[in-house]
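A.B. asks: Pasting a structure below so you can have a look.
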Amino acid sequence: MDAIVIRNLSKSFGQKQAVSGLNMTVPAGAIYGFIGENGSGKSTTEKMICGLIPKSEGSIRIFGNDHTDAKVRAGIGVLIEAPGCFPGLTVWNNMMLQATNLGLENAEEQVRATLKLVRMEGSASNKYKNCSLGMKQRIGIAMALLGDPKLLVLDEPLNGLDADGMRIMREVLTDIVKDGEHTVLISSHLLPELQKIATHYGIIRHGRMIREMTAEELSEDCPTFVALRAADMRRARSVLNLHYARVEEDIEREYLRVYDAESPEEVVKHLYDNSVTVSELFTERIGLEEYYINLMEGRK
Amino acid sequence: MKKRFSTMLFVDVRRLLVSRLTYIMLAIALVCPILILVMTTMMDGAVTVNPQTGVETEIKAFDSVWQAIASPSSAGMTMDLTGMCNINLMYFAAAVWVCLFVSEDFRSGYAKNLFTVRAKKTDYVASKTVVFIVLGGLLILCWIIGALLGGAVAGLSFDTMGANYFNIVMCIISKMAVMAVFVPIALAISVAAKQRAWLSICCALGGGMLLFMMIPMLTPLDAGAMNVVLCLAGGAMFSFGLGAVSNLILKKTSLV
């Protein structure tokens with residue numbers, strides 16, 4: 001069964017169409033990376049899934065039921081924009097409020113375990129307003145995880161996290177979906193981080209889904225290339241242009257990319273034969289970020 | 001349904017217990033009548049002169065402690081100190097409290113967590129209504145205690161002005177029941193205004209002013225059982241009616 005099935009979803013705010021005929025399918029057990037530019041309708045869609053804003057048109061089904069179903073909604077963990085905590089209360093009290101709200105029977109135990117999971121057990125007595133951005137984000141994640149929700153909806157959960165925080169986040173999310181019963185819908189602009197965990201992707205633009213694919217399909221769509229740095233880059237390029245149809249310059253990293261080479265050895269041989277010294281060479285696959293930018297710019 | 005409502009109620013009570021504002025509001029309800037009674041007694045008989053018209057006005061303080069709670073039905077609504085600075089101020093205090101409490105839900109983002117897992121908005125509305133009616137009752141009790149203490153300190157008379165103690169008890173119960181009119185008004189305005197506390201407070205106070213004039217007529221010091229019945233009926237009507245309106249607002253509008 002699919003975790004989320006959205007059909008022809010639309011939402012307008014006055015004259016502005018935020019989401020327009022969106023179709024989306026999130027399989028159960030997936031970590032679904034929801035990608036799009038700022039203002040593309042990601043957050044609006046997530047808020048509609050969570051019932052926080054009413055939809056104008058269309059249908060949202062969660063685990064086969066309408067998204068307004070109370071039982072379905074009780075099984076959603078959410079972190080949208082910022083954690084919903086009271087600044088004047090301690091981390092512990094904020095967590096306990098949410099635990100009470102969820103009607104958890106062993107609330108204290110679960111709060112303690114969840115705080116430990118995100119490495120925040122030592123900050124339970126801190127007031128929320130005194131926590132750093134990264135700590136707040138971890139608290140938000142802990143709050144979303146309370147009560148073992150079947151569906152996690154996370155909007156930019158990686159914002160403000162340090163390297164350790166991101167690693168913990170990756171571990172927690174991949175652990176959660178292992179049993180195939182839990183599903184994560186996550187939107188983030190940190191695409192390289194997202195690529196490390198996502199099993200499915202949905203790319204939204206101007207409120208419409210422009211592409212949905214699995215991580216495998218993304219891999220197939222992302223070609224590998226031989227990247228190299230030579231002593232004389234201009235000469236290296238002109239040599240490679242004679243042998244390969246697609247040679248591009250990675251201006252940012254100062255590399256030459258050869259997309260249609262059979263092997264790195266073959267590239268080196270051509271350069272060596274033309275007395276071009278190679279100082280660095282490796283094989284790489286284009287990442288989600290580049291794929292996404294290319295897609296947005298209409299490039300293949 | 002019962003469990004959902006009880007957990008919501010528990011969340012609200014828990015929030016109130018850990019909130020400083022709860023204790024501040026109760027302290028205000030306790031201290032205000034003491035200050036009012038003591039200070040007005042000290043100023044009793046003082047004359048103020050309007051510099052433009054030259055008209056002299058004598059400050060007339062409370063004759064009895066019970067005036068700080070209600071006036072007898074014969075007195076009606078008086079626009080002087082005793083008519084304005086009495087227990088009825090607590091309706092505004094309760095309305096402000098509701099507005100601050102609800103706006104904090106939306107401002108902090110807590111509403112997102114809450115309404116994601118709680119599809120039924122009725123729990124939220126019902127819980128807030130019940131909790132704040134009870135708290136409003138507590139405010140009234142605090143005011144009464146404060147008035148009795150203040151009266152004793154100021155040396156005011158405890159003359160019941162023709163009412164007996166049954167009337168006074170009925171009056172107090174009526175006052176508490178009227179909370180069920182003010183709380184739903186403030187709640188409906190607050191859920192519409194969401195995080196804009198200033199807007200909800202202004203609207204709730206404005207709306208409350210329209211009803212303020214009716215309170216002395218409904219809850220006189222010499223109230224009887226009929227006053228209690230009327231106030232309870234009014235409270236129930238407002239609570240259910242405006243509760244449904246609040247519910248509808250939450251269902252049809254954005255919660256973030």
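Chain identifiers are assigned as A, B, and so on, following the order in which chains appear in the structure tokens; residues are numbered from 1 within each chain, and ligands are numbered from 1 in order of appearance.
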Could you give me, as JSON, numbers by chain, each residue of segment 73-246 of chain A that DSSP assigns to alpha helix (DSSP H) when run on this structure's backbone?
C.D. replies: {"A": [73, 74, 91, 92, 93, 94, 95, 96, 97, 98, 99, 100, 101, 107, 108, 109, 110, 111, 112, 113, 114, 115, 116, 117, 133, 134, 135, 136, 137, 138, 139, 140, 141, 142, 143, 144, 145, 163, 164, 165, 166, 167, 168, 169, 170, 171, 172, 173, 174, 175, 176, 191, 192, 193, 194, 195, 196, 197, 215, 216, 217, 218, 219, 220, 221, 233, 234, 235, 236, 237, 238, 239, 240, 241, 242, 243]}
A.B. asks: Could you write out the selected residues, including C-alpha atoms, as a PDB file, in the first residue's frame?
C.D. replies:
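Everything below was put into result.pdb:
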```pdb
ATOM      1  CA  ARG A  73      -3.657  11.777  11.507  1.00  0.00           C
ATOM      2  CA  ALA A  74      -2.826  10.443  14.950  1.00  0.00           C
ATOM      3  CA  VAL A  91      12.781  21.112  26.472  1.00  0.00           C
ATOM      4  CA  TRP A  92      11.427  18.408  28.774  1.00  0.00           C
ATOM      5  CA  ASN A  93       8.132  20.212  29.390  1.00  0.00           C
ATOM      6  CA  ASN A  94       7.681  20.878  25.699  1.00  0.00           C
ATOM      7  CA  MET A  95       8.268  17.219  24.912  1.00  0.00           C
ATOM      8  CA  MET A  96       5.955  16.116  27.694  1.00  0.00           C
ATOM      9  CA  LEU A  97       3.204  18.350  26.357  1.00  0.00           C
ATOM     10  CA  GLN A  98       3.436  16.687  22.974  1.00  0.00           C
ATOM     11  CA  ALA A  99       3.580  13.248  24.617  1.00  0.00           C
ATOM     12  CA  THR A 100       0.436  14.078  26.577  1.00  0.00           C
ATOM     13  CA  ASN A 101      -1.160  15.420  23.445  1.00  0.00           C
ATOM     14  CA  ALA A 107       5.186   9.357  28.278  1.00  0.00           C
ATOM     15  CA  GLU A 108       8.242  10.033  30.451  1.00  0.00           C
ATOM     16  CA  GLU A 109      10.021   6.927  29.240  1.00  0.00           C
ATOM     17  CA  GLN A 110       9.320   7.693  25.597  1.00  0.00           C
ATOM     18  CA  VAL A 111      10.391  11.316  25.923  1.00  0.00           C
ATOM     19  CA  ARG A 112      13.626  10.242  27.568  1.00  0.00           C
ATOM     20  CA  ALA A 113      14.316   7.652  24.856  1.00  0.00           C
ATOM     21  CA  THR A 114      13.544  10.069  22.022  1.00  0.00           C
ATOM     22  CA  LEU A 115      15.736  12.790  23.480  1.00  0.00           C
ATOM     23  CA  LYS A 116      18.512  10.239  23.787  1.00  0.00           C
ATOM     24  CA  LEU A 117      18.034   9.241  20.166  1.00  0.00           C
ATOM     25  CA  LEU A 133      19.325  26.581  16.130  1.00  0.00           C
ATOM     26  CA  GLY A 134      20.768  23.099  15.701  1.00  0.00           C
ATOM     27  CA  MET A 135      19.506  22.017  19.129  1.00  0.00           C
ATOM     28  CA  LYS A 136      16.045  23.356  18.328  1.00  0.00           C
ATOM     29  CA  GLN A 137      16.032  21.391  15.115  1.00  0.00           C
ATOM     30  CA  ARG A 138      16.956  18.221  16.985  1.00  0.00           C
ATOM     31  CA  ILE A 139      14.155  18.869  19.472  1.00  0.00           C
ATOM     32  CA  GLY A 140      11.779  19.304  16.568  1.00  0.00           C
ATOM     33  CA  ILE A 141      12.876  15.983  15.141  1.00  0.00           C
ATOM     34  CA  ALA A 142      12.515  14.325  18.541  1.00  0.00           C
ATOM     35  CA  MET A 143       9.017  15.751  18.815  1.00  0.00           C
ATOM     36  CA  ALA A 144       8.107  14.436  15.393  1.00  0.00           C
ATOM     37  CA  LEU A 145       9.408  10.987  16.373  1.00  0.00           C
ATOM     38  CA  ALA A 163      27.769  17.495  10.722  1.00  0.00           C
ATOM     39  CA  ASP A 164      27.067  15.251  13.703  1.00  0.00           C
ATOM     40  CA  GLY A 165      23.438  16.296  13.731  1.00  0.00           C
ATOM     41  CA  MET A 166      23.093  15.431  10.071  1.00  0.00           C
ATOM     42  CA  ARG A 167      24.693  12.048  10.604  1.00  0.00           C
ATOM     43  CA  ILE A 168      22.341  11.294  13.495  1.00  0.00           C
ATOM     44  CA  MET A 169      19.427  12.410  11.386  1.00  0.00           C
ATOM     45  CA  ARG A 170      20.486  10.121   8.545  1.00  0.00           C
ATOM     46  CA  GLU A 171      20.868   7.181  10.902  1.00  0.00           C
ATOM     47  CA  VAL A 172      17.544   7.792  12.609  1.00  0.00           C
ATOM     48  CA  LEU A 173      15.608   8.096   9.368  1.00  0.00           C
ATOM     49  CA  THR A 174      17.174   5.095   7.667  1.00  0.00           C
ATOM     50  CA  ASP A 175      16.572   3.044  10.841  1.00  0.00           C
ATOM     51  CA  ILE A 176      12.943   4.058  10.968  1.00  0.00           C
ATOM     52  CA  LEU A 191      20.397  17.869  -1.909  1.00  0.00           C
ATOM     53  CA  PRO A 192      23.704  16.036  -1.380  1.00  0.00           C
ATOM     54  CA  GLU A 193      22.537  15.156   2.151  1.00  0.00           C
ATOM     55  CA  LEU A 194      19.139  14.144   0.862  1.00  0.00           C
ATOM     56  CA  GLN A 195      20.694  11.921  -1.769  1.00  0.00           C
ATOM     57  CA  LYS A 196      22.420   9.915   0.953  1.00  0.00           C
ATOM     58  CA  ILE A 197      19.128   8.714   2.409  1.00  0.00           C
ATOM     59  CA  ALA A 215      16.831   6.429  -6.360  1.00  0.00           C
ATOM     60  CA  GLU A 216      17.722   3.730  -8.923  1.00  0.00           C
ATOM     61  CA  GLU A 217      16.028   5.658 -11.697  1.00  0.00           C
ATOM     62  CA  LEU A 218      17.911   8.750 -10.635  1.00  0.00           C
ATOM     63  CA  SER A 219      21.184   6.801 -10.859  1.00  0.00           C
ATOM     64  CA  GLU A 220      20.318   5.678 -14.349  1.00  0.00           C
ATOM     65  CA  ASP A 221      19.540   9.258 -15.344  1.00  0.00           C
ATOM     66  CA  MET A 233      43.757  22.671 -19.457  1.00  0.00           C
ATOM     67  CA  ARG A 234      43.175  24.434 -22.773  1.00  0.00           C
ATOM     68  CA  ARG A 235      45.318  21.991 -24.662  1.00  0.00           C
ATOM     69  CA  ALA A 236      43.820  19.047 -22.811  1.00  0.00           C
ATOM     70  CA  ARG A 237      40.352  20.148 -23.826  1.00  0.00           C
ATOM     71  CA  SER A 238      41.234  20.568 -27.476  1.00  0.00           C
ATOM     72  CA  VAL A 239      42.798  17.087 -27.500  1.00  0.00           C
ATOM     73  CA  LEU A 240      39.803  15.501 -25.825  1.00  0.00           C
ATOM     74  CA  ASN A 241      37.407  17.301 -28.154  1.00  0.00           C
ATOM     75  CA  LEU A 242      38.992  15.400 -31.026  1.00  0.00           C
ATOM     76  CA  HIS A 243      38.095  12.055 -29.456  1.00  0.00           C
TER      77      HIS A 243
END
```
A.B. asks: Can you pull out every residue within 12 Å of Tyr259 of chain A, counting only C-alpha atoms, but drop anything in the same chain fewer than 6 positions away, and send it as an MDAnalysis selection string?
C.D. replies: chainID A and resid 222:228 240:241 243:249 267 283:286
A.B. asks: Can I get the selection written as a PDB file, in the first residue's frame, with N, CA and C atoms?
C.D. replies:
```pdb
ATOM      1  N   CYS A 222      21.588   9.743 -14.171  1.00  0.00           N
ATOM      2  CA  CYS A 222      22.763  10.566 -13.855  1.00  0.00           C
ATOM      3  C   CYS A 222      24.003   9.881 -14.444  1.00  0.00           C
ATOM      4  N   PRO A 223      24.527  10.368 -15.530  1.00  0.00           N
ATOM      5  CA  PRO A 223      25.665   9.697 -16.158  1.00  0.00           C
ATOM      6  C   PRO A 223      26.954   9.822 -15.345  1.00  0.00           C
ATOM      7  N   THR A 224      27.837   8.819 -15.533  1.00  0.00           N
ATOM      8  CA  THR A 224      29.160   8.925 -14.920  1.00  0.00           C
ATOM      9  C   THR A 224      30.066   9.650 -15.919  1.00  0.00           C
ATOM     10  N   PHE A 225      31.125  10.201 -15.408  1.00  0.00           N
ATOM     11  CA  PHE A 225      32.065  10.908 -16.277  1.00  0.00           C
ATOM     12  C   PHE A 225      33.466  10.768 -15.709  1.00  0.00           C
ATOM     13  N   VAL A 226      34.421  11.003 -16.578  1.00  0.00           N
ATOM     14  CA  VAL A 226      35.816  11.011 -16.120  1.00  0.00           C
ATOM     15  C   VAL A 226      36.185  12.474 -15.905  1.00  0.00           C
ATOM     16  N   ALA A 227      36.622  12.769 -14.685  1.00  0.00           N
ATOM     17  CA  ALA A 227      37.019  14.148 -14.388  1.00  0.00           C
ATOM     18  C   ALA A 227      38.546  14.193 -14.318  1.00  0.00           C
ATOM     19  N   LEU A 228      39.115  15.250 -14.872  1.00  0.00           N
ATOM     20  CA  LEU A 228      40.580  15.335 -14.835  1.00  0.00           C
ATOM     21  C   LEU A 228      41.049  16.774 -14.752  1.00  0.00           C
ATOM     22  N   LEU A 240      40.950  16.357 -26.155  1.00  0.00           N
ATOM     23  CA  LEU A 240      39.803  15.501 -25.825  1.00  0.00           C
ATOM     24  C   LEU A 240      38.628  15.744 -26.766  1.00  0.00           C
ATOM     25  N   ASN A 241      38.488  16.990 -27.209  1.00  0.00           N
ATOM     26  CA  ASN A 241      37.407  17.301 -28.154  1.00  0.00           C
ATOM     27  C   ASN A 241      37.545  16.524 -29.475  1.00  0.00           C
ATOM     28  N   HIS A 243      38.445  13.465 -29.661  1.00  0.00           N
ATOM     29  CA  HIS A 243      38.095  12.055 -29.456  1.00  0.00           C
ATOM     30  C   HIS A 243      36.706  11.845 -28.867  1.00  0.00           C
ATOM     31  N   TYR A 244      36.201  12.850 -28.175  1.00  0.00           N
ATOM     32  CA  TYR A 244      34.918  12.655 -27.476  1.00  0.00           C
ATOM     33  C   TYR A 244      33.921  13.748 -27.858  1.00  0.00           C
ATOM     34  N   ALA A 245      32.671  13.345 -27.877  1.00  0.00           N
ATOM     35  CA  ALA A 245      31.611  14.274 -28.285  1.00  0.00           C
ATOM     36  C   ALA A 245      31.222  15.235 -27.163  1.00  0.00           C
ATOM     37  N   ARG A 246      31.357  14.762 -25.930  1.00  0.00           N
ATOM     38  CA  ARG A 246      30.887  15.614 -24.832  1.00  0.00           C
ATOM     39  C   ARG A 246      31.994  15.839 -23.801  1.00  0.00           C
ATOM     40  N   VAL A 247      32.656  16.949 -23.969  1.00  0.00           N
ATOM     41  CA  VAL A 247      33.690  17.350 -23.004  1.00  0.00           C
ATOM     42  C   VAL A 247      33.257  18.698 -22.427  1.00  0.00           C
ATOM     43  N   GLU A 248      33.133  18.735 -21.108  1.00  0.00           N
ATOM     44  CA  GLU A 248      32.669  19.985 -20.473  1.00  0.00           C
ATOM     45  C   GLU A 248      33.651  20.424 -19.416  1.00  0.00           C
ATOM     46  N   GLU A 249      33.611  21.707 -19.168  1.00  0.00           N
ATOM     47  CA  GLU A 249      34.498  22.247 -18.144  1.00  0.00           C
ATOM     48  C   GLU A 249      33.706  22.505 -16.865  1.00  0.00           C
ATOM     49  N   VAL A 267      41.288   7.851 -21.704  1.00  0.00           N
ATOM     50  CA  VAL A 267      41.409   9.325 -21.676  1.00  0.00           C
ATOM     51  C   VAL A 267      42.866   9.708 -21.439  1.00  0.00           C
ATOM     52  N   THR A 283      36.780   9.054 -11.513  1.00  0.00           N
ATOM     53  CA  THR A 283      35.470   8.837 -12.144  1.00  0.00           C
ATOM     54  C   THR A 283      34.394   9.259 -11.145  1.00  0.00           C
ATOM     55  N   GLU A 284      33.364   9.922 -11.643  1.00  0.00           N
ATOM     56  CA  GLU A 284      32.304  10.399 -10.749  1.00  0.00           C
ATOM     57  C   GLU A 284      30.967  10.325 -11.475  1.00  0.00           C
ATOM     58  N   ARG A 285      29.899  10.321 -10.671  1.00  0.00           N
ATOM     59  CA  ARG A 285      28.547  10.339 -11.250  1.00  0.00           C
ATOM     60  C   ARG A 285      27.933  11.694 -10.895  1.00  0.00           C
ATOM     61  N   ILE A 286      27.167  12.263 -11.786  1.00  0.00           N
ATOM     62  CA  ILE A 286      26.582  13.561 -11.420  1.00  0.00           C
ATOM     63  C   ILE A 286      25.563  13.344 -10.303  1.00  0.00           C
TER      64      ILE A 286
END
```
A.B. asks: Using only C-alpha atoms, find the one residue out of B:Val102, B:Met90, B:Ile185, B:Ala111 that sits nearest to chain A.
C.D. replies: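 Closest to chain A of all the choices is B:Ala111.
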A.B. asks: May I ask you to extract the residues of chain A within 7 Å of chain B, using only C-alpha atoms, and to give them as a PyMOL selection string?
C.D. replies: chain A and resi 50-54+68-70+73-76+78+83-86+97+100-101+103
A.B. asks: From a backbone DSSP assignment, name each residue in segment 35-181 of chain B labelled strand (DSSP E or B), as a PyMOL selection string.
C.D. replies: chain B and resi 47-49+56-58+64+157
A.B. asks: Can I get the selection written as an mmCIF file, in the first residue's frame, with N, CA and C atoms?
C.D. replies:
```cif
data_model
loop_
_atom_site.group_PDB
_atom_site.id
_atom_site.type_symbol
_atom_site.label_atom_id
_atom_site.label_comp_id
_atom_site.auth_asym_id
_atom_site.auth_seq_id
_atom_site.Cartn_x
_atom_site.Cartn_y
_atom_site.Cartn_z
ATOM 1 N N VAL B 47 -11.948 66.060 46.618
ATOM 2 C CA VAL B 47 -12.680 66.775 45.572
ATOM 3 C C VAL B 47 -11.741 67.081 44.407
ATOM 4 N N THR B 48 -12.197 66.754 43.215
ATOM 5 C CA THR B 48 -11.403 67.122 42.037
ATOM 6 C C THR B 48 -12.137 68.245 41.303
ATOM 7 N N VAL B 49 -11.346 69.161 40.730
ATOM 8 C CA VAL B 49 -11.950 70.301 40.033
ATOM 9 C C VAL B 49 -11.555 70.253 38.569
ATOM 10 N N GLU B 56 -16.790 70.925 40.396
ATOM 11 C CA GLU B 56 -16.141 70.110 41.428
ATOM 12 C C GLU B 56 -16.815 68.740 41.506
ATOM 13 N N THR B 57 -15.997 67.690 41.601
ATOM 14 C CA THR B 57 -16.546 66.338 41.739
ATOM 15 C C THR B 57 -15.942 65.695 42.984
ATOM 16 N N GLU B 58 -16.803 65.142 43.776
ATOM 17 C CA GLU B 58 -16.315 64.495 44.988
ATOM 18 C C GLU B 58 -16.122 63.004 44.717
ATOM 19 N N SER B 64 -19.681 49.654 51.012
ATOM 20 C CA SER B 64 -19.626 48.292 51.556
ATOM 21 C C SER B 64 -18.664 47.449 50.724
ATOM 22 N N SER B 157 -17.337 48.710 55.629
ATOM 23 C CA SER B 157 -18.477 47.978 56.168
ATOM 24 C C SER B 157 -18.711 46.701 55.357
#
```
A.B. asks: Calculate how many Å separate atom CA of Val13 of chain B from atom CA of Val131 of chain B, rounding to one decimal.
C.D. replies: 7.3 Å
